[in-house]
Amino acid sequence: MPFAHITGWGMSVPEPVLTNEDIAKIVDTNDEWIRERTGIRERRIARETEFPSTLGVEASLKALEVANLAPKDIELVICTSSSPEYIFPATACVIQDEIGASKAGAFDLLAACTGFIYATNMAAQAIRSGSIKNALVVGTETLSRFVNWKDRSTCILFGDGAGAFVLQASEKPGGVISSVMHSDGSGANSLILPAGGARLPATEATVHEGKHYIHMDGKEVFRFATRVMGQATREALDLAGLTTDDVQWIIPHQANYRIIATAAKYLKMPLDKFVINVDRYGNTSTASIPIAAIEAFQKGQIKNGDKVVFVGFGAGLTWGALVAEWTGPLAVARKPVHPERYRFFARIRSWARRIGRIIEGLFARKEL
Ligand code: UT7
């Protein structure tokens, strides 16, 4: 059975920074309260021209470059987002088209902030089953579009960004070792975007009542999160036959510094084994785990051969953890691939296909 290695990684965050002081000009809050209760100092907010797909494409191209893999060799694109581009089509298809992953199947996976763990696990399972060799997993968010900027209990928390992993098959041991996924839909109302779906389609009333914004029972989510983070980590480690002593880094979902500190206490692990960057990006939902992992690798914290645990929780309610050995790009002799260059050809191919469909439509009409 092949192993599923994480061989490429890339992140993209919007440039504009929104500090706690900036938010204090909009709602009744202050820097001290936000830092003490959440650990957040600032977050990035997407420009009008930035979407989950544009951030996701940037992150994906960087990941392909690290893996030295051409987009046409990707067989599966899984995009995970709590703020997808549309209800349909899938944001994964927009990304697939933009990067020129012309041979890939593509779908979106919704497991809120746990999405990146679910998606990485699904991609790894597809590789381990032998049905595919190369997959791209993208976690991307512009949740700032769904934040009620009048609600001080939520608008301080969220930020925008994207992270992507390339997963590849190899006979060499390593990569994704174990994973657990959990859900409890009885807690659906604790963190919800009530309108815009089939139950409450957009109407003047839903807009007026603010039902297209994030609604959250912060205390309830906090209690749930502090309970499941440590438990899921233990479970995934048990499945892998490892203990916390075997692990170099825990990469938790970046929602709140206090939640991470409580998980560290539960696991009896020093906090400096936890990658934390919530102070600079806030909660970027599905993107938070890959962004934290990539920064830790770039800073030289995570090294090849390290065992890492990704652990997260979110709306659903969902939670899960994944244990992996960070092995780096596969050692395959191949000419350097420059995925950015493929983007140009991907655009041409995309337009050619659109024109092709128009011509096909004209002929089809004549035949009818
Ligand atoms: O990816 C999953 C996403 N969600 C989460 O991870 C959220 C988990 N929950 C949390 O992180 C925390 O519950 C929050 C940070 C959201 C809130 O912190 P808290 O310590 O649970 O505060 P609280 O809701 O109990 O509010 C305490 C007080 C309240 O005032 P009173 O009733 O004591 O007078 C709030 O009105 O703080 C007030 N408050 C604020 N004050 C200043 C709430 N938000 C703010 C604010 N600035 N931004």
# chains A, B, ... in the order shown; residues from 1 in each chain; ligands from 1

$ residues_around --residues "Lys211 (chain A)" --least-positions-apart "5" --cutoff "12 Å" --atoms "only C-alpha atoms" --output "mmCIF file with N, CA and C atoms, in the first residue's frame"
data_model
loop_
_atom_site.group_PDB
_atom_site.id
_atom_site.type_symbol
_atom_site.label_atom_id
_atom_site.label_comp_id
_atom_site.auth_asym_id
_atom_site.auth_seq_id
_atom_site.Cartn_x
_atom_site.Cartn_y
_atom_site.Cartn_z
ATOM 1 N N PHE A 146 -18.592 37.560 5.563
ATOM 2 C CA PHE A 146 -19.769 37.059 6.281
ATOM 3 C C PHE A 146 -19.765 37.474 7.746
ATOM 4 N N VAL A 147 -18.848 38.365 8.086
ATOM 5 C CA VAL A 147 -18.763 38.852 9.455
ATOM 6 C C VAL A 147 -19.688 40.062 9.608
ATOM 7 N N ASN A 148 -20.425 40.082 10.713
ATOM 8 C CA ASN A 148 -21.247 41.255 11.022
ATOM 9 C C ASN A 148 -20.340 42.271 11.724
ATOM 10 N N ILE A 192 -23.165 29.214 13.176
ATOM 11 C CA ILE A 192 -23.998 28.995 11.982
ATOM 12 C C ILE A 192 -24.120 30.265 11.157
ATOM 13 N N LEU A 193 -24.222 30.074 9.852
ATOM 14 C CA LEU A 193 -24.583 31.175 8.956
ATOM 15 C C LEU A 193 -25.986 30.820 8.464
ATOM 16 N N PRO A 194 -27.027 31.387 9.104
ATOM 17 C CA PRO A 194 -28.373 30.815 8.961
ATOM 18 C C PRO A 194 -28.991 30.917 7.570
ATOM 19 N N ALA A 195 -28.754 32.000 6.836
ATOM 20 C CA ALA A 195 -29.509 32.192 5.592
ATOM 21 C C ALA A 195 -28.628 32.061 4.352
ATOM 22 N N GLY A 196 -29.296 31.944 3.208
ATOM 23 C CA GLY A 196 -28.573 31.841 1.936
ATOM 24 C C GLY A 196 -28.569 30.425 1.415
ATOM 25 N N GLY A 197 -28.985 29.475 2.249
ATOM 26 C CA GLY A 197 -29.105 28.088 1.802
ATOM 27 C C GLY A 197 -30.553 27.776 1.481
ATOM 28 N N ARG A 199 -32.809 26.271 3.259
ATOM 29 C CA ARG A 199 -33.786 26.440 4.345
ATOM 30 C C ARG A 199 -34.263 27.880 4.460
ATOM 31 N N LEU A 200 -33.331 28.799 4.300
ATOM 32 C CA LEU A 200 -33.676 30.227 4.378
ATOM 33 C C LEU A 200 -33.047 30.959 3.192
ATOM 34 N N PRO A 201 -33.631 30.808 1.999
ATOM 35 C CA PRO A 201 -33.050 31.503 0.836
ATOM 36 C C PRO A 201 -33.062 33.014 1.065
ATOM 37 N N ALA A 202 -32.189 33.711 0.351
ATOM 38 C CA ALA A 202 -32.065 35.155 0.565
ATOM 39 C C ALA A 202 -33.357 35.878 0.230
ATOM 40 N N THR A 203 -33.834 36.668 1.175
ATOM 41 C CA THR A 203 -34.992 37.535 0.936
ATOM 42 C C THR A 203 -34.659 38.885 1.573
ATOM 43 N N GLU A 204 -35.498 39.852 1.338
ATOM 44 C CA GLU A 204 -35.286 41.152 1.978
ATOM 45 C C GLU A 204 -35.246 40.989 3.498
ATOM 46 N N ALA A 205 -36.152 40.097 3.993
ATOM 47 C CA ALA A 205 -36.250 39.900 5.455
ATOM 48 C C ALA A 205 -34.965 39.283 6.000
ATOM 49 N N THR A 206 -34.409 38.274 5.301
ATOM 50 C CA THR A 206 -33.195 37.616 5.832
ATOM 51 C C THR A 206 -32.027 38.596 5.856
ATOM 52 N N MET A 216 -22.775 33.134 16.447
ATOM 53 C CA MET A 216 -21.997 32.199 17.263
ATOM 54 C C MET A 216 -22.316 32.351 18.747
#

$ select_by_dssp --residues "region 77-157 of chain A" --states "strand (DSSP E or B)" --output "list in words"
Val77, Ile78, Cys79, Thr80, Gly105, Ala106, Phe107, Asp108, Leu109, Asn134, Ala135, Leu136, Val137, Val138, Gly139, Thr140 and Glu141 of chain A

$ residues_around --residues "Thr142 (chain A)" --least-positions-apart "3" --cutoff "10 Å" --atoms "only C-alpha atoms" --output "PDB file with N, CA and C atoms, in the first residue's frame"
ATOM      1  N   VAL A  13      -1.916  35.165   1.943  1.00  0.00           N
ATOM      2  CA  VAL A  13      -2.802  35.993   2.771  1.00  0.00           C
ATOM      3  C   VAL A  13      -2.909  37.372   2.118  1.00  0.00           C
ATOM      4  N   PRO A  14      -4.068  38.011   2.235  1.00  0.00           N
ATOM      5  CA  PRO A  14      -4.198  39.352   1.649  1.00  0.00           C
ATOM      6  C   PRO A  14      -3.251  40.321   2.371  1.00  0.00           C
ATOM      7  N   ARG A  44      -5.727  39.617   8.538  1.00  0.00           N
ATOM      8  CA  ARG A  44      -5.694  40.109   7.156  1.00  0.00           C
ATOM      9  C   ARG A  44      -7.108  40.084   6.580  1.00  0.00           C
ATOM     10  N   ILE A  45      -7.420  41.116   5.791  1.00  0.00           N
ATOM     11  CA  ILE A  45      -8.761  41.212   5.205  1.00  0.00           C
ATOM     12  C   ILE A  45      -8.641  41.320   3.682  1.00  0.00           C
ATOM     13  N   ALA A  46      -9.374  40.451   2.980  1.00  0.00           N
ATOM     14  CA  ALA A  46      -9.289  40.403   1.514  1.00  0.00           C
ATOM     15  C   ALA A  46      -9.765  41.715   0.889  1.00  0.00           C
ATOM     16  N   ARG A  47      -9.050  42.111  -0.172  1.00  0.00           N
ATOM     17  CA  ARG A  47      -9.519  43.257  -0.970  1.00  0.00           C
ATOM     18  C   ARG A  47     -10.749  42.821  -1.759  1.00  0.00           C
ATOM     19  N   GLU A  50     -10.268  40.067  -4.209  1.00  0.00           N
ATOM     20  CA  GLU A  50      -9.757  38.775  -3.733  1.00  0.00           C
ATOM     21  C   GLU A  50     -10.902  37.902  -3.229  1.00  0.00           C
ATOM     22  N   PHE A  51     -10.821  36.631  -3.603  1.00  0.00           N
ATOM     23  CA  PHE A  51     -11.866  35.661  -3.267  1.00  0.00           C
ATOM     24  C   PHE A  51     -11.202  34.383  -2.762  1.00  0.00           C
ATOM     25  N   PRO A  52     -11.999  33.430  -2.254  1.00  0.00           N
ATOM     26  CA  PRO A  52     -11.381  32.148  -1.871  1.00  0.00           C
ATOM     27  C   PRO A  52     -10.588  31.531  -3.021  1.00  0.00           C
ATOM     28  N   SER A  53     -11.094  31.674  -4.245  1.00  0.00           N
ATOM     29  CA  SER A  53     -10.378  31.051  -5.373  1.00  0.00           C
ATOM     30  C   SER A  53      -9.057  31.759  -5.665  1.00  0.00           C
ATOM     31  N   LEU A  55      -7.084  33.511  -3.654  1.00  0.00           N
ATOM     32  CA  LEU A  55      -6.100  33.178  -2.607  1.00  0.00           C
ATOM     33  C   LEU A  55      -5.702  31.712  -2.727  1.00  0.00           C
ATOM     34  N   SER A  81     -13.664  25.035   2.493  1.00  0.00           N
ATOM     35  CA  SER A  81     -13.911  26.449   2.788  1.00  0.00           C
ATOM     36  C   SER A  81     -15.242  26.601   3.518  1.00  0.00           C
ATOM     37  N   SER A  82     -15.279  27.541   4.462  1.00  0.00           N
ATOM     38  CA  SER A  82     -16.552  27.879   5.104  1.00  0.00           C
ATOM     39  C   SER A  82     -17.149  29.100   4.422  1.00  0.00           C
ATOM     40  N   SER A  83     -16.401  29.675   3.477  1.00  0.00           N
ATOM     41  CA  SER A  83     -16.870  30.869   2.767  1.00  0.00           C
ATOM     42  C   SER A  83     -16.656  30.656   1.267  1.00  0.00           C
ATOM     43  N   PRO A  84     -17.281  29.585   0.715  1.00  0.00           N
ATOM     44  CA  PRO A  84     -16.988  29.249  -0.685  1.00  0.00           C
ATOM     45  C   PRO A  84     -17.415  30.364  -1.636  1.00  0.00           C
ATOM     46  N   GLU A  85     -16.858  30.300  -2.819  1.00  0.00           N
ATOM     47  CA  GLU A  85     -17.125  31.328  -3.828  1.00  0.00           C
ATOM     48  C   GLU A  85     -18.630  31.393  -4.156  1.00  0.00           C
ATOM     49  N   ARG A 145     -16.233  38.494   4.584  1.00  0.00           N
ATOM     50  CA  ARG A 145     -17.449  38.859   3.831  1.00  0.00           C
ATOM     51  C   ARG A 145     -18.716  38.464   4.591  1.00  0.00           C
ATOM     52  N   PHE A 146     -18.592  37.560   5.563  1.00  0.00           N
ATOM     53  CA  PHE A 146     -19.769  37.059   6.281  1.00  0.00           C
ATOM     54  C   PHE A 146     -19.765  37.474   7.746  1.00  0.00           C
ATOM     55  N   VAL A 147     -18.848  38.365   8.086  1.00  0.00           N
ATOM     56  CA  VAL A 147     -18.763  38.852   9.455  1.00  0.00           C
ATOM     57  C   VAL A 147     -19.688  40.062   9.608  1.00  0.00           C
ATOM     58  N   PHE A 158     -12.204  36.812  13.152  1.00  0.00           N
ATOM     59  CA  PHE A 158     -11.897  36.140  11.886  1.00  0.00           C
ATOM     60  C   PHE A 158     -10.982  36.940  10.957  1.00  0.00           C
ATOM     61  N   GLY A 159     -10.208  36.190  10.160  1.00  0.00           N
ATOM     62  CA  GLY A 159      -9.330  36.796   9.162  1.00  0.00           C
ATOM     63  C   GLY A 159      -9.372  35.963   7.892  1.00  0.00           C
ATOM     64  N   ASP A 160      -8.771  36.477   6.824  1.00  0.00           N
ATOM     65  CA  ASP A 160      -8.814  35.813   5.519  1.00  0.00           C
ATOM     66  C   ASP A 160      -7.443  35.221   5.167  1.00  0.00           C
ATOM     67  N   GLY A 161      -7.459  34.175   4.357  1.00  0.00           N
ATOM     68  CA  GLY A 161      -6.188  33.577   3.928  1.00  0.00           C
ATOM     69  C   GLY A 161      -6.413  32.207   3.324  1.00  0.00           C
ATOM     70  N   ALA A 162      -5.335  31.641   2.804  1.00  0.00           N
ATOM     71  CA  ALA A 162      -5.412  30.310   2.183  1.00  0.00           C
ATOM     72  C   ALA A 162      -4.119  29.550   2.400  1.00  0.00           C
ATOM     73  N   THR A 284      -8.508  32.018  10.693  1.00  0.00           N
ATOM     74  CA  THR A 284      -8.735  31.918   9.241  1.00  0.00           C
ATOM     75  C   THR A 284      -9.427  30.600   8.898  1.00  0.00           C
ATOM     76  N   SER A 285     -10.143  30.044   9.865  1.00  0.00           N
ATOM     77  CA  SER A 285     -10.970  28.842   9.668  1.00  0.00           C
ATOM     78  C   SER A 285     -10.182  27.721   8.988  1.00  0.00           C
ATOM     79  N   ALA A 287      -8.184  27.587   6.698  1.00  0.00           N
ATOM     80  CA  ALA A 287      -6.818  27.910   6.247  1.00  0.00           C
ATOM     81  C   ALA A 287      -5.836  27.977   7.410  1.00  0.00           C
TER      82      ALA A 287
END

$ select_by_dssp --residues "region 78-223 of chain A" --states "alpha helix (DSSP H)" --output "PyMOL selection string"
chain A and resi 91-99+115-128+204-208+218-223

$ write_last_selection --atoms "N, CA and C atoms" --output "compact mmCIF listing (two decimals), in the first residue's frame"
# COMPACT_ATOMS: atom_id res chain seq x y z
N THR A 91 -15.83 25.73 -5.42
CA THR A 91 -14.63 26.58 -5.53
C THR A 91 -13.46 25.73 -6.05
N ALA A 92 -13.47 24.44 -5.72
CA ALA A 92 -12.41 23.54 -6.20
C ALA A 92 -12.33 23.56 -7.73
N CYS A 93 -13.49 23.65 -8.40
CA CYS A 93 -13.49 23.65 -9.87
C CYS A 93 -12.90 24.96 -10.41
N VAL A 94 -13.20 26.07 -9.71
CA VAL A 94 -12.64 27.36 -10.15
C VAL A 94 -11.11 27.29 -10.03
N ILE A 95 -10.63 26.75 -8.94
CA ILE A 95 -9.18 26.63 -8.72
C ILE A 95 -8.57 25.66 -9.75
N GLN A 96 -9.23 24.54 -9.95
CA GLN A 96 -8.75 23.53 -10.92
C GLN A 96 -8.56 24.16 -12.29
N ASP A 97 -9.54 24.97 -12.71
CA ASP A 97 -9.47 25.62 -14.02
C ASP A 97 -8.34 26.64 -14.06
N GLU A 98 -8.24 27.47 -13.01
CA GLU A 98 -7.24 28.56 -12.98
C GLU A 98 -5.81 28.05 -12.98
N ILE A 99 -5.57 26.92 -12.31
CA ILE A 99 -4.18 26.44 -12.25
C ILE A 99 -3.87 25.48 -13.40
N GLY A 115 -12.12 21.51 8.33
CA GLY A 115 -12.11 21.08 6.93
C GLY A 115 -10.76 20.62 6.42
N PHE A 116 -9.69 21.29 6.81
CA PHE A 116 -8.39 20.93 6.23
C PHE A 116 -7.95 19.54 6.72
N ILE A 117 -8.34 19.20 7.94
CA ILE A 117 -7.99 17.86 8.46
C ILE A 117 -8.81 16.81 7.71
N TYR A 118 -10.10 17.05 7.57
CA TYR A 118 -10.96 16.12 6.82
C TYR A 118 -10.42 15.95 5.39
N ALA A 119 -10.12 17.06 4.73
CA ALA A 119 -9.74 17.01 3.31
C ALA A 119 -8.39 16.32 3.13
N THR A 120 -7.45 16.62 4.02
CA THR A 120 -6.13 15.98 3.92
C THR A 120 -6.28 14.48 4.14
N ASN A 121 -7.15 14.12 5.08
CA ASN A 121 -7.39 12.69 5.33
C ASN A 121 -8.01 12.03 4.10
N MET A 122 -9.01 12.69 3.49
CA MET A 122 -9.67 12.11 2.31
C MET A 122 -8.68 11.93 1.15
N ALA A 123 -7.84 12.94 0.94
CA ALA A 123 -6.84 12.86 -0.14
C ALA A 123 -5.85 11.74 0.16
N ALA A 124 -5.44 11.64 1.42
CA ALA A 124 -4.48 10.59 1.79
C ALA A 124 -5.11 9.21 1.59
N GLN A 125 -6.40 9.08 1.95
CA GLN A 125 -7.07 7.78 1.77
C GLN A 125 -7.13 7.40 0.30
N ALA A 126 -7.41 8.40 -0.56
CA ALA A 126 -7.47 8.11 -2.00
C ALA A 126 -6.11 7.65 -2.52
N ILE A 127 -5.05 8.26 -2.00
CA ILE A 127 -3.69 7.86 -2.41
C ILE A 127 -3.37 6.48 -1.87
N ARG A 128 -3.69 6.25 -0.60
CA ARG A 128 -3.34 4.96 0.03
C ARG A 128 -4.11 3.80 -0.61
N GLU A 204 -35.50 39.85 1.34
CA GLU A 204 -35.29 41.15 1.98
C GLU A 204 -35.25 40.99 3.50
N ALA A 205 -36.15 40.10 3.99
CA ALA A 205 -36.25 39.90 5.46
C ALA A 205 -34.96 39.28 6.00
N THR A 206 -34.41 38.27 5.30
CA THR A 206 -33.20 37.62 5.83
C THR A 206 -32.03 38.60 5.86
N VAL A 207 -31.99 39.46 4.86
CA VAL A 207 -30.91 40.46 4.82
C VAL A 207 -31.12 41.45 5.97
N HIS A 208 -32.37 41.93 6.09
CA HIS A 208 -32.70 42.91 7.12
C HIS A 208 -32.39 42.38 8.52
N GLY A 218 -20.31 32.01 21.52
CA GLY A 218 -18.87 31.93 21.77
C GLY A 218 -18.51 31.04 22.95
N LYS A 219 -19.27 31.19 24.03
CA LYS A 219 -18.96 30.43 25.25
C LYS A 219 -19.12 28.94 25.02
N GLU A 220 -20.23 28.58 24.30
CA GLU A 220 -20.49 27.17 24.05
C GLU A 220 -19.39 26.57 23.16
N VAL A 221 -19.02 27.32 22.12
CA VAL A 221 -17.96 26.82 21.21
C VAL A 221 -16.65 26.70 21.98
N PHE A 222 -16.40 27.64 22.86
CA PHE A 222 -15.17 27.62 23.66
C PHE A 222 -15.11 26.35 24.51
N ARG A 223 -16.24 26.06 25.20
CA ARG A 223 -16.28 24.87 26.08
C ARG A 223 -16.06 23.60 25.27

$ residues_around --residues "region 292-309 of chain A" --least-positions-apart "4" --cutoff "8 Å" --atoms "only C-alpha atoms" --output "JSON list (two decimals) with C-alpha atoms, in the first residue's frame"
[["chain", "number", "residue", "atom", "x", "y", "z"],
["A", 9, "TRP", "CA", 2.90, 23.57, 0.57],
["A", 10, "GLY", "CA", 1.97, 27.15, -0.12],
["A", 11, "MET", "CA", 0.08, 29.96, 1.59],
["A", 233, "THR", "CA", -4.97, 14.55, 19.57],
["A", 246, "ASP", "CA", 7.17, 11.11, 19.89],
["A", 247, "VAL", "CA", 5.74, 14.35, 18.48],
["A", 248, "GLN", "CA", 7.82, 17.42, 17.67],
["A", 249, "TRP", "CA", 4.97, 19.81, 16.86],
["A", 250, "ILE", "CA", 1.25, 20.20, 17.45],
["A", 251, "ILE", "CA", -0.36, 22.44, 14.86],
["A", 252, "PRO", "CA", -3.76, 23.43, 16.25],
["A", 254, "GLN", "CA", -5.85, 28.97, 15.38],
["A", 275, "VAL", "CA", 2.66, 26.32, 16.64],
["A", 276, "ILE", "CA", 0.81, 29.57, 17.34],
["A", 277, "ASN", "CA", 0.26, 32.47, 14.94],
["A", 288, "SER", "CA", -5.46, 28.29, 9.77],
["A", 321, "ALA", "CA", -6.85, 15.31, 14.30],
["A", 322, "LEU", "CA", -4.27, 13.97, 11.89],
["A", 323, "VAL", "CA", -0.78, 12.64, 12.60],
["A", 324, "ALA", "CA", 1.85, 12.95, 9.88],
["A", 325, "GLU", "CA", 5.54, 12.62, 9.35],
["A", 326, "TRP", "CA", 6.73, 15.74, 7.53],
["A", 327, "THR", "CA", 8.94, 14.24, 4.84],
["A", 328, "GLY", "CA", 9.20, 17.06, 2.30]]
